[in-house]
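Colleague: Input: one structure, supplied below.
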Amino acid sequence: MNAVVESVRSLWVPLEGVNLLLPNVAVAEVINYQPLDIIQSGPDWLLGSLRWRDQSLPIVSMERLCGLSLPQGGRGARISVLNSVRAGDDLAFYAMVTAGIPRLFSADEEALGPSMMPTGNFPETVADCVQIGSEQALVPNLEIVQTLVSEVWKGLDVQSPED
C-alpha cells in the first residue's frame, strides 16, 4: 500500500522569545519595520496601525495575544501582513511585528513530532505548541486571533475614509 505523505508549506516566524508556525498562505507580505501610528485606546496587544496598499492595518503583538510579554522591538524587526482567514470579514488583512524574516518550512508529521501543548498555560489564541529539532513553535488559532483583532478594530473606528 502506498502511504500518502501530507506536508503543509509553512513559515517559521521568529518573535521575541518564541517562534510561530503559520501556513505559508496566511502571510501576504513581509515588509521592513516602520514607525506605527499609535492607538491609545486599544488593548495592549494592539501596537498601532500602518498604511499598507492604501488601507489602514491594525498591527498586533502575537506575543501578547499568545499570553507572553510585550516585544521590545529590536534590530531586524519586520512586519508580516496576514491574510484574512474568515470569509466575508471586513478586515481583509492585519499585521504583526516579527523579530526577523520568516523562513519557509515544510511541516509534516515527522518534522513536527508530538504536540508539546501544556494544558491551561496558553490562551485560546494558541492552537498548539510543537517541537521542531531543538526549538519550539506556537501554532496560533488564526480564526480566534482574527476575530479579536476584527472586533477591536471595528470598535475603534480608526480606519480612514478612503478605506
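Chain labels follow the order of the C-alpha cells: the first chain is A, the next B, and so on; residue numbering restarts at 1 in every chain, and ligands are counted from 1 in their shown order.
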Return as a ChimeraX atom specification the full set of residues in segment 29-163 of chain A whose backbone-based DSSP assignment is strand (DSSP E).
Modeller: /A:29-32,46-52,55-60,78-83,93-98,103-108,126-132,135-140
Colleague: Would you output that residue set with N, CA and C atoms, as a CSV table (one decimal), in the first residue's frame?
Modeller:
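Written output follows (selection_25.csv):
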chain,number,residue,atom,x,y,z
A,29,GLU,N,2.5,39.4,2.8
A,29,GLU,CA,3.8,40.0,2.5
A,29,GLU,C,4.6,40.3,3.8
A,30,VAL,N,5.9,40.3,3.7
A,30,VAL,CA,6.7,40.7,4.8
A,30,VAL,C,7.4,42.0,4.4
A,31,ILE,N,7.3,43.1,5.2
A,31,ILE,CA,7.9,44.4,4.9
A,31,ILE,C,8.9,44.8,6.0
A,32,ASN,N,9.7,45.7,5.6
A,32,ASN,CA,10.6,46.3,6.6
A,32,ASN,C,9.8,47.0,7.7
A,46,LEU,N,-2.6,45.5,20.8
A,46,LEU,CA,-2.7,46.3,19.6
A,46,LEU,C,-1.7,47.4,19.6
A,47,LEU,N,-0.6,47.2,18.8
A,47,LEU,CA,0.6,48.1,18.9
A,47,LEU,C,0.4,49.4,18.1
A,48,GLY,N,-0.6,49.4,17.2
A,48,GLY,CA,-0.8,50.6,16.4
A,48,GLY,C,-1.4,50.3,15.0
A,49,SER,N,-1.2,51.2,14.1
A,49,SER,CA,-1.7,51.0,12.8
A,49,SER,C,-0.7,51.4,11.8
A,50,LEU,N,-0.9,51.0,10.5
A,50,LEU,CA,0.1,51.3,9.5
A,50,LEU,C,-0.6,51.4,8.1
A,51,ARG,N,-0.2,52.3,7.3
A,51,ARG,CA,-0.8,52.3,5.9
A,51,ARG,C,-0.1,51.3,5.1
A,52,TRP,N,-0.8,50.5,4.4
A,52,TRP,CA,-0.3,49.4,3.5
A,52,TRP,C,-1.3,49.3,2.3
A,55,GLN,N,-4.6,51.2,2.6
A,55,GLN,CA,-5.5,50.9,3.6
A,55,GLN,C,-4.8,50.9,5.0
A,56,SER,N,-5.6,51.2,6.0
A,56,SER,CA,-5.0,51.2,7.3
A,56,SER,C,-5.1,49.8,8.0
A,57,LEU,N,-4.0,49.3,8.4
A,57,LEU,CA,-4.0,47.9,9.0
A,57,LEU,C,-3.7,48.0,10.5
A,58,PRO,N,-4.4,47.2,11.3
A,58,PRO,CA,-4.0,47.0,12.7
A,58,PRO,C,-2.7,46.2,12.8
A,59,ILE,N,-1.8,46.6,13.7
A,59,ILE,CA,-0.6,45.9,13.9
A,59,ILE,C,-0.6,45.3,15.3
A,60,VAL,N,-0.5,44.0,15.4
A,60,VAL,CA,-0.6,43.3,16.7
A,60,VAL,C,0.7,42.7,17.2
A,78,ARG,N,10.6,43.1,11.5
A,78,ARG,CA,9.9,43.1,10.3
A,78,ARG,C,8.4,43.2,10.6
A,79,ILE,N,7.6,43.5,9.6
A,79,ILE,CA,6.1,43.4,9.8
A,79,ILE,C,5.6,42.4,8.8
A,80,SER,N,4.9,41.4,9.3
A,80,SER,CA,4.3,40.4,8.4
A,80,SER,C,2.8,40.7,8.3
A,81,VAL,N,2.4,40.9,7.1
A,81,VAL,CA,1.0,41.2,6.8
A,81,VAL,C,0.3,39.9,6.6
A,82,LEU,N,-0.8,39.7,7.3
A,82,LEU,CA,-1.5,38.4,7.3
A,82,LEU,C,-2.8,38.5,6.5
A,83,ASN,N,-3.1,37.5,5.8
A,83,ASN,CA,-4.4,37.4,5.0
A,83,ASN,C,-5.5,37.0,6.0
A,93,PHE,N,-7.0,42.2,5.9
A,93,PHE,CA,-5.6,42.0,6.3
A,93,PHE,C,-5.4,42.6,7.6
A,94,TYR,N,-4.4,42.1,8.4
A,94,TYR,CA,-3.9,42.7,9.6
A,94,TYR,C,-2.4,42.3,9.6
A,95,ALA,N,-1.7,42.9,10.6
A,95,ALA,CA,-0.2,42.6,10.5
A,95,ALA,C,0.3,42.4,11.9
A,96,MET,N,1.5,41.8,12.0
A,96,MET,CA,2.2,41.5,13.3
A,96,MET,C,3.6,41.9,13.1
A,97,VAL,N,4.2,42.3,14.2
A,97,VAL,CA,5.6,42.6,14.2
A,97,VAL,C,6.4,41.3,14.5
A,98,THR,N,7.4,41.1,13.7
A,98,THR,CA,8.2,39.9,13.9
A,98,THR,C,9.7,40.3,14.3
A,103,ARG,N,11.0,32.2,7.7
A,103,ARG,CA,11.6,31.3,6.7
A,103,ARG,C,10.7,30.1,6.4
A,104,LEU,N,10.8,29.6,5.1
A,104,LEU,CA,10.0,28.5,4.7
A,104,LEU,C,10.3,27.3,5.4
A,105,PHE,N,9.3,26.5,5.7
A,105,PHE,CA,9.4,25.2,6.4
A,105,PHE,C,8.3,24.3,5.9
A,106,SER,N,8.7,23.0,5.6
A,106,SER,CA,7.7,22.0,5.2
A,106,SER,C,7.3,21.3,6.5
A,107,ALA,N,6.1,21.5,6.9
A,107,ALA,CA,5.6,20.9,8.1
A,107,ALA,C,4.9,19.6,7.8
A,108,ASP,N,5.4,18.5,8.3
A,108,ASP,CA,4.8,17.2,8.2
A,108,ASP,C,4.9,16.5,9.5
A,126,VAL,N,-3.9,30.3,21.1
A,126,VAL,CA,-2.8,29.3,20.7
A,126,VAL,C,-3.5,27.9,20.5
A,127,ALA,N,-3.3,27.4,19.3
A,127,ALA,CA,-3.9,26.1,19.0
A,127,ALA,C,-3.0,24.9,19.4
A,128,ASP,N,-1.7,25.1,19.3
A,128,ASP,CA,-0.8,24.1,19.7
A,128,ASP,C,0.6,24.6,19.9
A,129,CYS,N,1.5,23.8,20.4
A,129,CYS,CA,2.9,24.1,20.6
A,129,CYS,C,3.6,22.9,20.1
A,130,VAL,N,4.5,23.0,19.2
A,130,VAL,CA,5.2,21.9,18.6
A,130,VAL,C,6.7,22.0,18.8
A,131,GLN,N,7.4,20.9,18.8
A,131,GLN,CA,8.8,20.8,18.9
A,131,GLN,C,9.4,20.5,17.5
A,132,ILE,N,10.3,21.3,17.1
A,132,ILE,CA,11.0,21.1,15.8
A,132,ILE,C,12.5,21.2,16.0
A,135,GLU,N,14.0,23.5,18.9
A,135,GLU,CA,13.2,24.7,19.1
A,135,GLU,C,11.7,24.3,19.2
A,136,GLN,N,11.0,25.2,19.9
A,136,GLN,CA,9.6,25.1,19.9
A,136,GLN,C,8.9,26.2,19.2
A,137,ALA,N,7.7,26.0,18.7
A,137,ALA,CA,7.0,27.0,18.0
A,137,ALA,C,5.5,26.9,18.4
A,138,LEU,N,4.9,28.1,18.6
A,138,LEU,CA,3.5,28.1,18.8
A,138,LEU,C,2.7,28.1,17.5
A,139,VAL,N,1.6,27.4,17.5
A,139,VAL,CA,0.7,27.4,16.3
A,139,VAL,C,-0.5,28.2,16.7
A,140,PRO,N,-0.7,29.5,16.2
A,140,PRO,CA,-1.8,30.3,16.6
A,140,PRO,C,-3.1,29.8,16.0
Colleague: Give the helix (DSSP H, G or I) residues of segment 10-110 of chain A, as DSSP finds them on the backbone, and put them as a list in words.
Modeller: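 So, restricting segment 10-110 of chain A to helix (DSSP H, G or I), we get Asn24, Val25, Ala26, Met62, Glu63, Arg64, Leu65, Glu109 and Glu110 of chain A.
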Colleague: Save out the residues we just selected, C-alpha atoms, as a compact mmCIF listing (two decimals), in the first residue's frame.
Modeller:
# COMPACT_ATOMS: atom_id res chain seq x y z
CA ASN A 24 2.53 29.90 4.10
CA VAL A 25 -0.77 31.11 2.60
CA ALA A 26 -1.55 33.07 5.79
CA MET A 62 1.37 37.97 18.65
CA GLU A 63 3.46 37.60 21.82
CA ARG A 64 0.73 39.38 23.86
CA LEU A 65 -2.09 37.59 22.05
CA GLU A 109 4.25 14.65 10.90
CA GLU A 110 7.91 13.62 11.00
Colleague: What does the distance from atom CA of Glu124 of chain A to atom CA of Ile144 of chain A come to in Å, to one decimal?
Modeller: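 Pair atom CA of Glu124 of chain A / atom CA of Ile144 of chain A returns 7.3 Å.
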Colleague: Go through A:Leu11, A:Ala99, A:Leu91, A:Ile39 one by one, measure the shortest atom-to-atom distance of each to Leu156 of chain A using only C-alpha atoms, and give the residue with the smallest value.
Modeller: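 Going through A:Leu11, A:Ala99, A:Leu91, A:Ile39 one by one, the smallest distance to Leu156 of chain A is for A:Ile39.
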Colleague: In Å to one decimal, how far is atom CA of Ser69 of chain A from atom CA of Gln34 of chain A?
Modeller: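 These atoms are spaced 21.1 Å apart.
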Colleague: Looking at only C-alpha atoms, which of A:Lys154, A:Pro102, A:Phe122, A:Asp90 is the one that sits closest to Pro14 of chain A?
Modeller: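 For Pro14 of chain A, the nearest of the given residues is A:Pro102.
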Colleague: Kindly give the distance, in Å, that separates atom CA of Asn141 of chain A and atom CA of Ser84 of chain A, rounded to a single decimal.
Modeller: 12.4 Å
Colleague: Determine the nearest neighbour of Asp44 of chain A from the options A:Ser7, A:Ser61, A:Ser150, A:Ser134, counting only C-alpha atoms.
Modeller: A:Ser61
Colleague: Go through A:Ile101, A:Val18, A:Ala28, A:Val85 one by one, measure the shortest atom-to-atom distance of each to Gly67 of chain A using only C-alpha atoms, and give the residue with the smallest value.
Modeller: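 Closest candidate: A:Val18.
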